[in-house]
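Source file: run-v5.txt (compact mmCIF, C-alpha atoms)
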```
# COMPACT_ATOMS: atom_id res chain seq x y z
CA MET A 1 0.00 0.00 0.00
CA ASN A 2 1.59 3.27 -1.03
CA GLU A 3 1.15 6.53 0.83
CA ARG A 4 -1.57 7.77 -1.52
CA GLN A 5 -3.66 4.64 -1.02
CA ARG A 6 -3.15 4.68 2.74
CA ALA A 7 -4.25 8.30 2.88
CA ARG A 8 -7.58 7.29 1.31
CA ARG A 9 -8.54 4.25 3.37
CA PRO A 10 -12.31 4.09 3.94
CA GLY A 11 -13.50 5.73 7.11
CA GLY A 12 -10.39 7.83 7.63
CA ARG A 13 -10.13 11.61 7.66
CA SER A 14 -9.26 11.52 3.98
CA ALA A 15 -12.49 9.67 3.14
CA ARG A 16 -14.51 12.24 5.09
CA VAL A 17 -12.80 15.11 3.27
CA GLY A 18 -13.43 13.33 -0.05
CA ALA A 19 -17.12 12.97 0.72
CA GLN A 20 -17.42 16.62 1.82
CA VAL A 21 -15.66 17.85 -1.31
CA HIS A 22 -17.84 15.66 -3.56
CA GLU A 23 -20.96 17.00 -1.86
CA ALA A 24 -19.75 20.57 -2.30
CA VAL A 25 -19.09 20.00 -6.02
CA THR A 26 -22.50 18.42 -6.55
CA ALA A 27 -24.21 21.33 -4.78
CA LEU A 28 -22.28 23.97 -6.76
CA ILE A 29 -22.99 22.24 -10.10
CA SER A 30 -26.66 22.18 -9.25
CA GLU A 31 -26.74 25.84 -8.12
CA ARG A 32 -24.49 27.46 -10.72
CA GLY A 33 -23.67 24.97 -13.46
CA TYR A 34 -20.28 23.83 -14.70
CA GLY A 35 -17.73 26.55 -15.29
CA HIS A 36 -19.31 28.94 -12.80
CA PHE A 37 -17.36 28.09 -9.64
CA THR A 38 -13.75 27.77 -8.55
CA VAL A 39 -11.65 25.38 -6.47
CA GLY A 40 -11.66 28.05 -3.74
CA GLU A 41 -15.46 28.01 -3.64
CA VAL A 42 -15.54 24.21 -3.52
CA ALA A 43 -13.05 24.21 -0.64
CA ALA A 44 -14.97 26.89 1.27
CA ARG A 45 -18.25 25.00 0.87
CA ALA A 46 -16.60 21.74 1.97
CA GLY A 47 -14.87 23.43 4.93
CA VAL A 48 -11.36 22.43 3.84
CA ALA A 49 -8.29 24.38 2.68
CA ASP A 50 -7.81 25.15 -1.02
CA SER A 51 -4.37 23.55 -0.80
CA ASN A 52 -5.98 20.33 0.37
CA VAL A 53 -8.12 20.18 -2.79
CA TYR A 54 -5.24 21.08 -5.10
CA ARG A 55 -2.91 18.53 -3.46
CA ARG A 56 -5.40 15.70 -3.78
CA TRP A 57 -7.05 16.43 -7.17
CA GLY A 58 -4.61 18.74 -8.87
CA SER A 59 -7.30 20.76 -10.67
CA LEU A 60 -11.01 21.50 -10.72
CA GLU A 61 -11.27 19.45 -13.92
CA ASN A 62 -9.86 16.32 -12.25
CA LEU A 63 -12.21 16.79 -9.34
CA LEU A 64 -15.21 17.15 -11.68
CA SER A 65 -14.27 13.97 -13.52
CA GLU A 66 -13.89 12.03 -10.23
CA VAL A 67 -17.32 13.23 -9.06
CA ALA A 68 -18.86 12.24 -12.40
CA LEU A 69 -17.27 8.78 -12.33
CA THR A 70 -18.47 8.24 -8.75
CA ARG A 71 -22.01 9.14 -9.85
CA LEU A 72 -21.80 6.85 -12.90
CA ASP A 73 -20.47 3.96 -10.78
CA ALA A 74 -23.30 4.40 -8.31
CA GLN A 75 -26.12 4.88 -10.81
CA SER A 76 -25.11 2.78 -13.81
CA PRO A 77 -22.78 0.09 -12.44
CA MET A 78 -21.69 -2.66 -14.84
CA PRO A 79 -23.98 -5.67 -14.25
CA ASP A 80 -22.78 -9.27 -13.90
CA THR A 81 -25.80 -11.41 -14.76
CA GLY A 82 -23.94 -14.40 -16.20
CA SER A 83 -24.66 -13.71 -19.90
CA VAL A 84 -23.64 -10.95 -22.27
CA ALA A 85 -27.25 -10.46 -23.33
CA GLY A 86 -28.36 -10.17 -19.71
CA ASP A 87 -25.51 -7.78 -18.90
CA LEU A 88 -26.17 -5.49 -21.86
CA HIS A 89 -29.95 -5.43 -21.34
CA ALA A 90 -29.47 -4.58 -17.65
CA TYR A 91 -26.79 -1.97 -18.38
CA ALA A 92 -28.83 -0.29 -21.13
CA ALA A 93 -31.91 -0.21 -18.90
CA ASN A 94 -29.86 1.36 -16.07
CA VAL A 95 -28.44 4.04 -18.35
CA ALA A 96 -31.88 4.75 -19.81
CA ARG A 97 -33.37 5.19 -16.32
CA GLU A 98 -30.47 7.41 -15.31
CA ILE A 99 -30.50 9.72 -18.36
CA THR A 100 -34.26 10.17 -18.32
CA GLY A 101 -34.19 11.07 -14.60
CA PRO A 102 -33.49 14.42 -12.89
CA ASP A 103 -30.55 16.14 -14.59
CA GLY A 104 -30.16 13.11 -16.83
CA LEU A 105 -27.97 15.14 -19.17
CA ALA A 106 -25.37 15.77 -16.44
CA LEU A 107 -22.69 13.80 -18.28
CA VAL A 108 -23.39 15.58 -21.58
CA ARG A 109 -23.26 18.95 -19.83
CA LEU A 110 -19.99 18.03 -18.17
CA ALA A 111 -18.43 16.77 -21.42
CA VAL A 112 -19.44 20.01 -23.19
CA ALA A 113 -18.00 22.09 -20.33
CA LEU A 114 -14.74 20.14 -20.13
CA THR A 115 -14.29 20.23 -23.92
CA SER A 116 -14.20 24.01 -23.80
CA THR A 117 -11.83 24.44 -20.84
CA GLY A 118 -8.49 23.76 -22.47
CA GLN A 119 -6.02 20.91 -22.16
CA GLN A 120 -6.85 20.00 -18.54
CA GLY A 121 -10.55 19.89 -19.31
CA ARG A 122 -10.04 17.67 -22.33
CA GLN A 123 -7.82 15.32 -20.31
CA ALA A 124 -10.45 15.07 -17.59
CA ARG A 125 -13.14 14.35 -20.21
CA ASP A 126 -10.92 11.68 -21.77
CA SER A 127 -10.30 10.09 -18.38
CA ILE A 128 -14.07 9.70 -17.81
CA ARG A 129 -14.45 8.12 -21.25
CA ASP A 130 -11.46 5.81 -20.76
CA GLU A 131 -12.48 4.67 -17.29
CA ARG A 132 -16.05 3.87 -18.35
CA THR A 133 -14.82 2.13 -21.51
CA ARG A 134 -12.44 0.07 -19.35
CA GLN A 135 -15.30 -0.98 -17.07
CA LEU A 136 -17.46 -1.89 -20.06
CA GLN A 137 -14.58 -3.84 -21.61
CA SER A 138 -14.18 -5.83 -18.36
CA MET A 139 -17.86 -6.79 -18.53
CA LEU A 140 -17.47 -7.91 -22.15
CA ASP A 141 -14.21 -9.74 -21.38
CA ARG A 142 -16.01 -11.79 -18.74
CA ALA A 143 -18.46 -12.90 -21.45
CA VAL A 144 -15.63 -13.97 -23.73
CA GLU A 145 -13.99 -15.86 -20.84
CA ARG A 146 -17.26 -17.77 -20.37
CA GLY A 147 -17.06 -18.73 -24.05
CA GLU A 148 -19.68 -16.24 -25.30
CA ARG A 149 -19.31 -13.95 -28.28
CA ALA A 150 -19.37 -10.30 -27.24
CA PRO A 151 -19.51 -7.04 -29.21
CA ALA A 152 -16.67 -4.50 -29.02
CA ALA A 153 -16.96 -1.87 -26.29
CA LEU A 154 -16.97 0.90 -28.92
CA ASP A 155 -19.89 -0.75 -30.71
CA VAL A 156 -21.80 -0.64 -27.43
CA LEU A 157 -20.96 3.06 -27.21
CA ASP A 158 -21.94 3.74 -30.83
CA HIS A 159 -25.10 1.67 -31.16
CA ILE A 160 -26.57 1.42 -27.65
CA LEU A 161 -25.38 4.38 -25.57
CA ALA A 162 -25.09 7.07 -28.27
CA PRO A 163 -28.64 6.68 -29.64
CA MET A 164 -30.10 6.80 -26.13
CA TYR A 165 -28.16 9.95 -25.21
CA ILE A 166 -29.00 11.74 -28.47
CA ARG A 167 -32.69 10.84 -28.20
CA VAL A 168 -32.87 12.22 -24.66
CA LEU A 169 -30.93 15.32 -25.71
CA PHE A 170 -33.54 15.97 -28.41
CA GLY A 171 -36.54 15.29 -26.21
CA MET A 172 -37.52 11.83 -27.44
CA GLU A 173 -38.88 9.13 -25.16
CA LEU A 174 -36.89 5.97 -24.38
CA THR A 175 -39.36 3.09 -24.11
CA PRO A 176 -38.18 -0.25 -22.66
CA ASP A 177 -38.93 -1.86 -26.06
CA TYR A 178 -36.76 0.68 -27.83
CA VAL A 179 -33.86 0.18 -25.39
CA ASP A 180 -34.12 -3.63 -25.58
CA GLY A 181 -34.27 -3.33 -29.38
CA LEU A 182 -30.94 -1.47 -29.47
CA VAL A 183 -29.31 -4.29 -27.52
CA ASP A 184 -30.92 -7.07 -29.58
CA ARG A 185 -29.89 -5.37 -32.80
CA LEU A 186 -26.26 -5.18 -31.71
CA LEU A 187 -26.18 -8.79 -30.48
CA MET B 1 -48.33 34.36 -51.16
CA ASN B 2 -49.63 35.29 -47.72
CA GLU B 3 -48.70 38.41 -45.86
CA ARG B 4 -46.06 36.64 -43.77
CA GLN B 5 -44.30 35.31 -46.86
CA ARG B 6 -44.52 38.65 -48.67
CA ALA B 7 -43.00 40.40 -45.68
CA ARG B 8 -39.97 38.11 -45.97
CA ARG B 9 -39.27 38.26 -49.67
CA PRO B 10 -35.52 38.16 -50.40
CA GLY B 11 -33.86 41.54 -50.58
CA GLY B 12 -36.65 43.39 -48.76
CA ARG B 13 -36.33 45.25 -45.49
CA SER B 14 -37.54 42.17 -43.66
CA ALA B 15 -34.72 40.08 -45.13
CA ARG B 16 -32.15 42.68 -44.07
CA VAL B 17 -33.53 42.75 -40.53
CA GLY B 18 -33.52 38.95 -40.47
CA ALA B 19 -29.86 38.84 -41.50
CA GLN B 20 -28.89 41.51 -38.94
CA VAL B 21 -30.70 39.68 -36.14
CA HIS B 22 -29.14 36.34 -37.11
CA GLU B 23 -25.67 37.94 -37.09
CA ALA B 24 -26.34 39.49 -33.68
CA VAL B 25 -27.43 36.13 -32.25
CA THR B 26 -24.37 34.36 -33.66
CA ALA B 27 -22.05 37.02 -32.19
CA LEU B 28 -23.73 36.89 -28.76
CA ILE B 29 -23.61 33.08 -28.64
CA SER B 30 -19.93 33.19 -29.46
CA GLU B 31 -19.15 35.91 -26.88
CA ARG B 32 -21.36 34.82 -23.98
CA GLY B 33 -22.81 31.38 -24.67
CA TYR B 34 -26.44 30.32 -24.71
CA GLY B 35 -28.55 31.52 -21.83
CA HIS B 36 -26.40 34.59 -21.19
CA PHE B 37 -28.16 37.20 -23.32
CA THR B 38 -31.68 38.56 -23.81
CA VAL B 39 -33.93 39.53 -26.71
CA GLY B 40 -33.23 43.16 -25.78
CA GLU B 41 -29.49 42.63 -26.23
CA VAL B 42 -30.01 40.87 -29.57
CA ALA B 43 -32.19 43.75 -30.76
CA ALA B 44 -29.69 46.40 -29.60
CA ARG B 45 -26.82 44.59 -31.33
CA ALA B 46 -28.86 44.24 -34.53
CA GLY B 47 -30.01 47.87 -34.40
CA VAL B 48 -33.72 47.03 -34.38
CA ALA B 49 -36.52 47.47 -31.87
CA ASP B 50 -37.23 44.73 -29.29
CA SER B 51 -40.84 44.70 -30.45
CA ASN B 52 -39.66 43.90 -33.96
CA VAL B 53 -37.88 40.77 -32.70
CA TYR B 54 -40.79 39.67 -30.50
CA ARG B 55 -43.33 40.22 -33.30
CA ARG B 56 -41.36 38.18 -35.80
CA TRP B 57 -39.93 35.35 -33.65
CA GLY B 58 -42.14 35.38 -30.55
CA SER B 59 -39.33 34.37 -28.18
CA LEU B 60 -35.57 34.11 -27.86
CA GLU B 61 -35.93 30.33 -28.04
CA ASN B 62 -37.67 30.47 -31.44
CA LEU B 63 -35.01 32.83 -32.71
CA LEU B 64 -32.22 30.49 -31.50
CA SER B 65 -33.83 27.53 -33.23
CA GLU B 66 -34.20 29.48 -36.51
CA VAL B 67 -30.54 30.52 -36.38
CA ALA B 68 -29.49 26.91 -35.69
CA LEU B 69 -31.60 25.56 -38.57
CA THR B 70 -30.17 28.17 -40.94
CA ARG B 71 -26.67 27.09 -39.95
CA LEU B 72 -27.52 23.40 -40.38
CA ASP B 73 -29.11 24.03 -43.79
CA ALA B 74 -26.01 25.91 -44.93
CA GLN B 75 -23.41 23.54 -43.52
CA SER B 76 -25.01 20.11 -43.72
CA PRO B 77 -27.61 20.34 -46.51
CA MET B 78 -29.35 17.14 -47.56
CA PRO B 79 -27.53 15.82 -50.65
CA ASP B 80 -29.26 14.58 -53.81
CA THR B 81 -26.72 12.32 -55.51
CA GLY B 82 -29.15 9.92 -57.19
CA SER B 83 -28.69 6.97 -54.81
CA VAL B 84 -29.47 6.42 -51.15
CA ALA B 85 -25.93 5.17 -50.54
CA GLY B 86 -24.45 8.25 -52.20
CA ASP B 87 -26.80 10.55 -50.29
CA LEU B 88 -26.05 9.00 -46.89
CA HIS B 89 -22.29 8.87 -47.44
CA ALA B 90 -22.28 12.54 -48.52
CA TYR B 91 -24.56 13.60 -45.67
CA ALA B 92 -22.54 11.72 -43.03
CA ALA B 93 -19.28 13.18 -44.37
CA ASN B 94 -20.79 16.71 -44.25
CA VAL B 95 -21.97 16.27 -40.68
CA ALA B 96 -18.59 14.80 -39.65
CA ARG B 97 -16.74 17.78 -41.15
CA GLU B 98 -19.14 20.19 -39.48
CA ILE B 99 -19.03 18.69 -35.97
CA THR B 100 -15.25 18.33 -35.95
CA GLY B 101 -14.83 21.97 -37.03
CA PRO B 102 -14.80 25.17 -34.95
CA ASP B 103 -17.57 25.01 -32.33
CA GLY B 104 -18.65 21.69 -33.78
CA LEU B 105 -20.71 21.02 -30.66
CA ALA B 106 -22.91 24.10 -31.24
CA LEU B 107 -26.02 21.99 -31.78
CA VAL B 108 -25.37 19.90 -28.66
CA ARG B 109 -24.78 23.07 -26.61
CA LEU B 110 -28.00 24.57 -27.93
CA ALA B 111 -30.03 21.42 -27.23
CA VAL B 112 -28.68 21.30 -23.66
CA ALA B 113 -29.48 25.00 -23.17
CA LEU B 114 -32.99 24.75 -24.65
CA THR B 115 -33.77 21.61 -22.63
CA SER B 116 -33.23 23.58 -19.43
CA THR B 117 -35.22 26.71 -20.33
CA GLY B 118 -38.76 25.49 -19.77
CA GLN B 119 -41.60 24.78 -22.15
CA GLN B 120 -40.60 27.32 -24.83
CA GLY B 121 -37.05 26.01 -24.88
CA ARG B 122 -38.20 22.43 -25.23
CA GLN B 123 -40.57 23.38 -28.03
CA ALA B 124 -37.77 25.17 -29.88
CA ARG B 125 -35.50 22.14 -29.44
CA ASP B 126 -38.26 19.86 -30.73
CA SER B 127 -38.80 22.11 -33.75
CA ILE B 128 -35.12 21.80 -34.73
CA ARG B 129 -35.31 18.02 -34.39
CA ASP B 130 -38.59 17.81 -36.32
CA GLU B 131 -37.43 20.06 -39.16
CA ARG B 132 -34.16 18.19 -39.66
CA THR B 133 -35.96 14.84 -39.45
CA ARG B 134 -38.43 16.08 -42.09
CA GLN B 135 -35.57 17.07 -44.41
CA LEU B 136 -33.87 13.71 -43.88
CA GLN B 137 -37.16 11.91 -44.51
CA SER B 138 -37.58 13.79 -47.83
CA MET B 139 -34.13 12.59 -48.89
CA LEU B 140 -35.02 8.99 -47.99
CA ASP B 141 -38.45 9.30 -49.67
CA ARG B 142 -36.76 10.28 -52.93
CA ALA B 143 -34.78 7.03 -52.77
CA VAL B 144 -37.96 5.00 -52.25
CA GLU B 145 -39.62 6.83 -55.18
CA ARG B 146 -36.66 5.78 -57.35
CA GLY B 147 -37.34 2.18 -56.33
CA GLU B 148 -34.50 1.89 -53.81
CA ARG B 149 -34.75 0.49 -50.30
CA ALA B 150 -34.02 3.14 -47.70
CA PRO B 151 -33.54 3.01 -43.92
CA ALA B 152 -35.89 4.85 -41.56
CA ALA B 153 -34.94 8.43 -40.68
CA LEU B 154 -34.73 7.51 -36.98
CA ASP B 155 -32.30 4.71 -37.79
CA VAL B 156 -30.08 7.28 -39.51
CA LEU B 157 -30.30 9.38 -36.36
CA ASP B 158 -29.57 6.44 -34.05
CA HIS B 159 -26.83 4.66 -35.96
CA ILE B 160 -25.08 7.31 -38.08
CA LEU B 161 -25.60 10.73 -36.47
CA ALA B 162 -25.70 9.74 -32.77
CA PRO B 163 -22.39 7.80 -32.76
CA MET B 164 -20.61 10.66 -34.55
CA TYR B 165 -21.92 13.27 -32.11
CA ILE B 166 -21.11 11.19 -29.02
CA ARG B 167 -17.61 10.39 -30.28
CA VAL B 168 -16.88 14.09 -30.89
CA LEU B 169 -18.37 14.99 -27.52
CA PHE B 170 -15.96 12.57 -25.85
CA GLY B 171 -12.92 13.64 -27.81
CA MET B 172 -12.63 10.76 -30.26
CA GLU B 173 -11.51 11.18 -33.85
CA LEU B 174 -13.91 10.64 -36.77
CA THR B 175 -11.93 9.09 -39.62
CA PRO B 176 -13.48 8.89 -43.11
CA ASP B 177 -13.33 5.07 -42.86
CA TYR B 178 -15.22 5.13 -39.58
CA VAL B 179 -17.91 7.46 -40.97
CA ASP B 180 -18.31 5.41 -44.16
CA GLY B 181 -18.45 2.28 -42.01
CA LEU B 182 -21.43 3.62 -40.06
CA VAL B 183 -23.31 4.21 -43.32
CA ASP B 184 -22.38 0.82 -44.81
CA ARG B 185 -23.41 -0.94 -41.62
CA LEU B 186 -26.86 0.67 -41.67
CA LEU B 187 -27.41 0.01 -45.38
```

Could you quickly redo this structure as structure tokens?
Amino acid sequence: MNERQRARRPGGRSARVGAQVHEAVTALISERGYGHFTVGEVAARAGVADSNVYRRWGSLENLLSEVALTRLDAQSPMPDTGSVAGDLHAYAANVAREITGPDGLALVRLAVALTSTGQQGRQARDSIRDERTRQLQSMLDRAVERGERAPAALDVLDHILAPMYIRVLFGMELTPDYVDGLVDRLL
Amino acid sequence: MNERQRARRPGGRSARVGAQVHEAVTALISERGYGHFTVGEVAARAGVADSNVYRRWGSLENLLSEVALTRLDAQSPMPDTGSVAGDLHAYAANVAREITGPDGLALVRLAVALTSTGQQGRQARDSIRDERTRQLQSMLDRAVERGERAPAALDVLDHILAPMYIRVLFGMELTPDYVDGLVDRLL
């Protein structure tokens, strides 16, 4: 266990600070929107020193991407149902429920905001994409290890996730039949 | 020709006002972003009366959707190459060039902004979607009239446009081979 990992063990001071900072970010996003608050304001809201936030996350962009990934992990975790069809149907249904719920476009908003905030923003956006793709790939790898055929992770992005996001962005309904149909079509 | 159409004949005063107002909106979007200017500021920038803007467009949201549709018509017009494959390849290549260019995410930004500005915003967003879908449907209808088989307009949205938009939003490159592959896969 290196020092960084030890500093973040669950239940320690570091975990409490992490939770407070995440809560502060979530509140500021909801009140002001991305791009309308600073690390100093996050720190003040969380009751910690600016230097603490900079030391741990390096930049506001890194912090935003960590908060987004934590939300994605909690709300659309990768399922493990025992079959690739079961996994993809469950995952697609989770994402559909999430993106049609309150502030369902949070990830789209964040990606737009990060894309326009220079190199650090683009790196933070890429790290969200890469981490979620890695998680998806692990789910698909498990299927292949069981002897199933599985689609590529990028095909899941292109033909299951992308259509759902774009339909929500343009105000179209996602019915369960439609979402299941996207999965069946890809499989 | 009804009164509304006559009032907008090319080259008339109404056309000049329209062009000035469109230019003012484009400048304000670029300087401040969506949601950070009013009809009054558009009118002042265009050198026309507020009442003129309200009478003609009804709301800022309607004006934003008209400006967006004008841009889309100019930059990604529906092709008419004589075959559905030719049309879809040309259209996909146009959209890819447009969304990887300067402020390529303009339409995504606008949809996000309109989605969060109440009923009028959502109606304006829906009108952009419906108008572009209608244009795409006309292109596909021409193919069917020629005796070709054509995909549904919503399948073009889901499996050609959506993947391109989501890939750009998350910082991934759109190669010509990838774009052509999306079209070939759907056909």

Long-range neighbours of A:Leu64 as a short mmCIF file (atom, residue, chain, number, x, y, z; two decimals) with C-alpha atoms, in the frame of the given file, 10 Å cut-off, only C-alpha atoms, 5 positions minimum in chain:
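The resulting around-v6.cif:
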```
data_model
loop_
_atom_site.label_atom_id
_atom_site.label_comp_id
_atom_site.auth_asym_id
_atom_site.auth_seq_id
_atom_site.Cartn_x
_atom_site.Cartn_y
_atom_site.Cartn_z
CA HIS A 22 -17.84 15.66 -3.56
CA VAL A 25 -19.09 20.00 -6.02
CA THR A 26 -22.50 18.42 -6.55
CA ILE A 29 -22.99 22.24 -10.10
CA TYR A 34 -20.28 23.83 -14.70
CA TRP A 57 -7.05 16.43 -7.17
CA SER A 59 -7.30 20.76 -10.67
CA LEU A 69 -17.27 8.78 -12.33
CA THR A 70 -18.47 8.24 -8.75
CA LEU A 110 -19.99 18.03 -18.17
CA LEU A 114 -14.74 20.14 -20.13
CA GLY A 121 -10.55 19.89 -19.31
CA ALA A 124 -10.45 15.07 -17.59
CA ARG A 125 -13.14 14.35 -20.21
CA ILE A 128 -14.07 9.70 -17.81
#
```

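The interface of chain A with chain B at 6 Å, considering all atoms listed in the file, consists of Asp158, His159, Ala162, Pro163 and Ile166 of chain A.
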
* To do: Would you kindly return, as a PyMOL selection string, each protein, DNA or RNA residue with an atom no farther than 9 Å from any atom of B:Met78, considering all atoms listed in the file and excluding same-chain residues fewer than 2 positions away?
  => chain B and resi 73+76+80+87-88+90-91+135-136+138-139

* Would you list the contacts of stretch 35-47 of chain B as JSON, numbers by chain, taking every protein, DNA or RNA residue within 10 Å and counting all atoms listed in the file, but skipping same-chain residues closer than 3 positions in sequence? => {"B": [17, 18, 19, 20, 21, 22, 23, 24, 25, 26, 27, 28, 29, 31, 32, 50, 51, 52, 53, 54, 58, 59, 60, 61, 63, 110, 113, 114, 116, 117]}

* To do: Could you please determine the separation between atom CA of A:Ala150 and atom CA of A:Arg134 in Å, to one decimal place?
  =>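 Going from atom CA of A:Ala150 over to atom CA of A:Arg134, I get 14.8 Å.
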
* Mind pulling up the distance from atom CA of B:Tyr178 to atom CA of B:His89? -> 11.2 Å

* Asked: Hey, can you check how far atom CA of A:Gly86 sits from atom CA of A:Val183?
  ->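 Interatomic distance, atom CA of A:Gly86 to atom CA of A:Val183: 9.8 Å.
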
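Using all atoms listed in the file for every distance, the candidate list B:Val67, B:Ala15, B:Val48, B:Ala152 yields B:Ala152 as the residue closest to B:Leu186.
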
As JSON, please: the centre and edge lengths in Å, to one decimal, of an axis-aligned box enclosing every listed atom of stretch 120-137 of chain A with 8 Å added on each side.
```
{"center_x": -12.2, "center_y": 8.1, "center_z": -19.7, "size_x": 26.6, "size_y": 39.8, "size_z": 21.3}
```
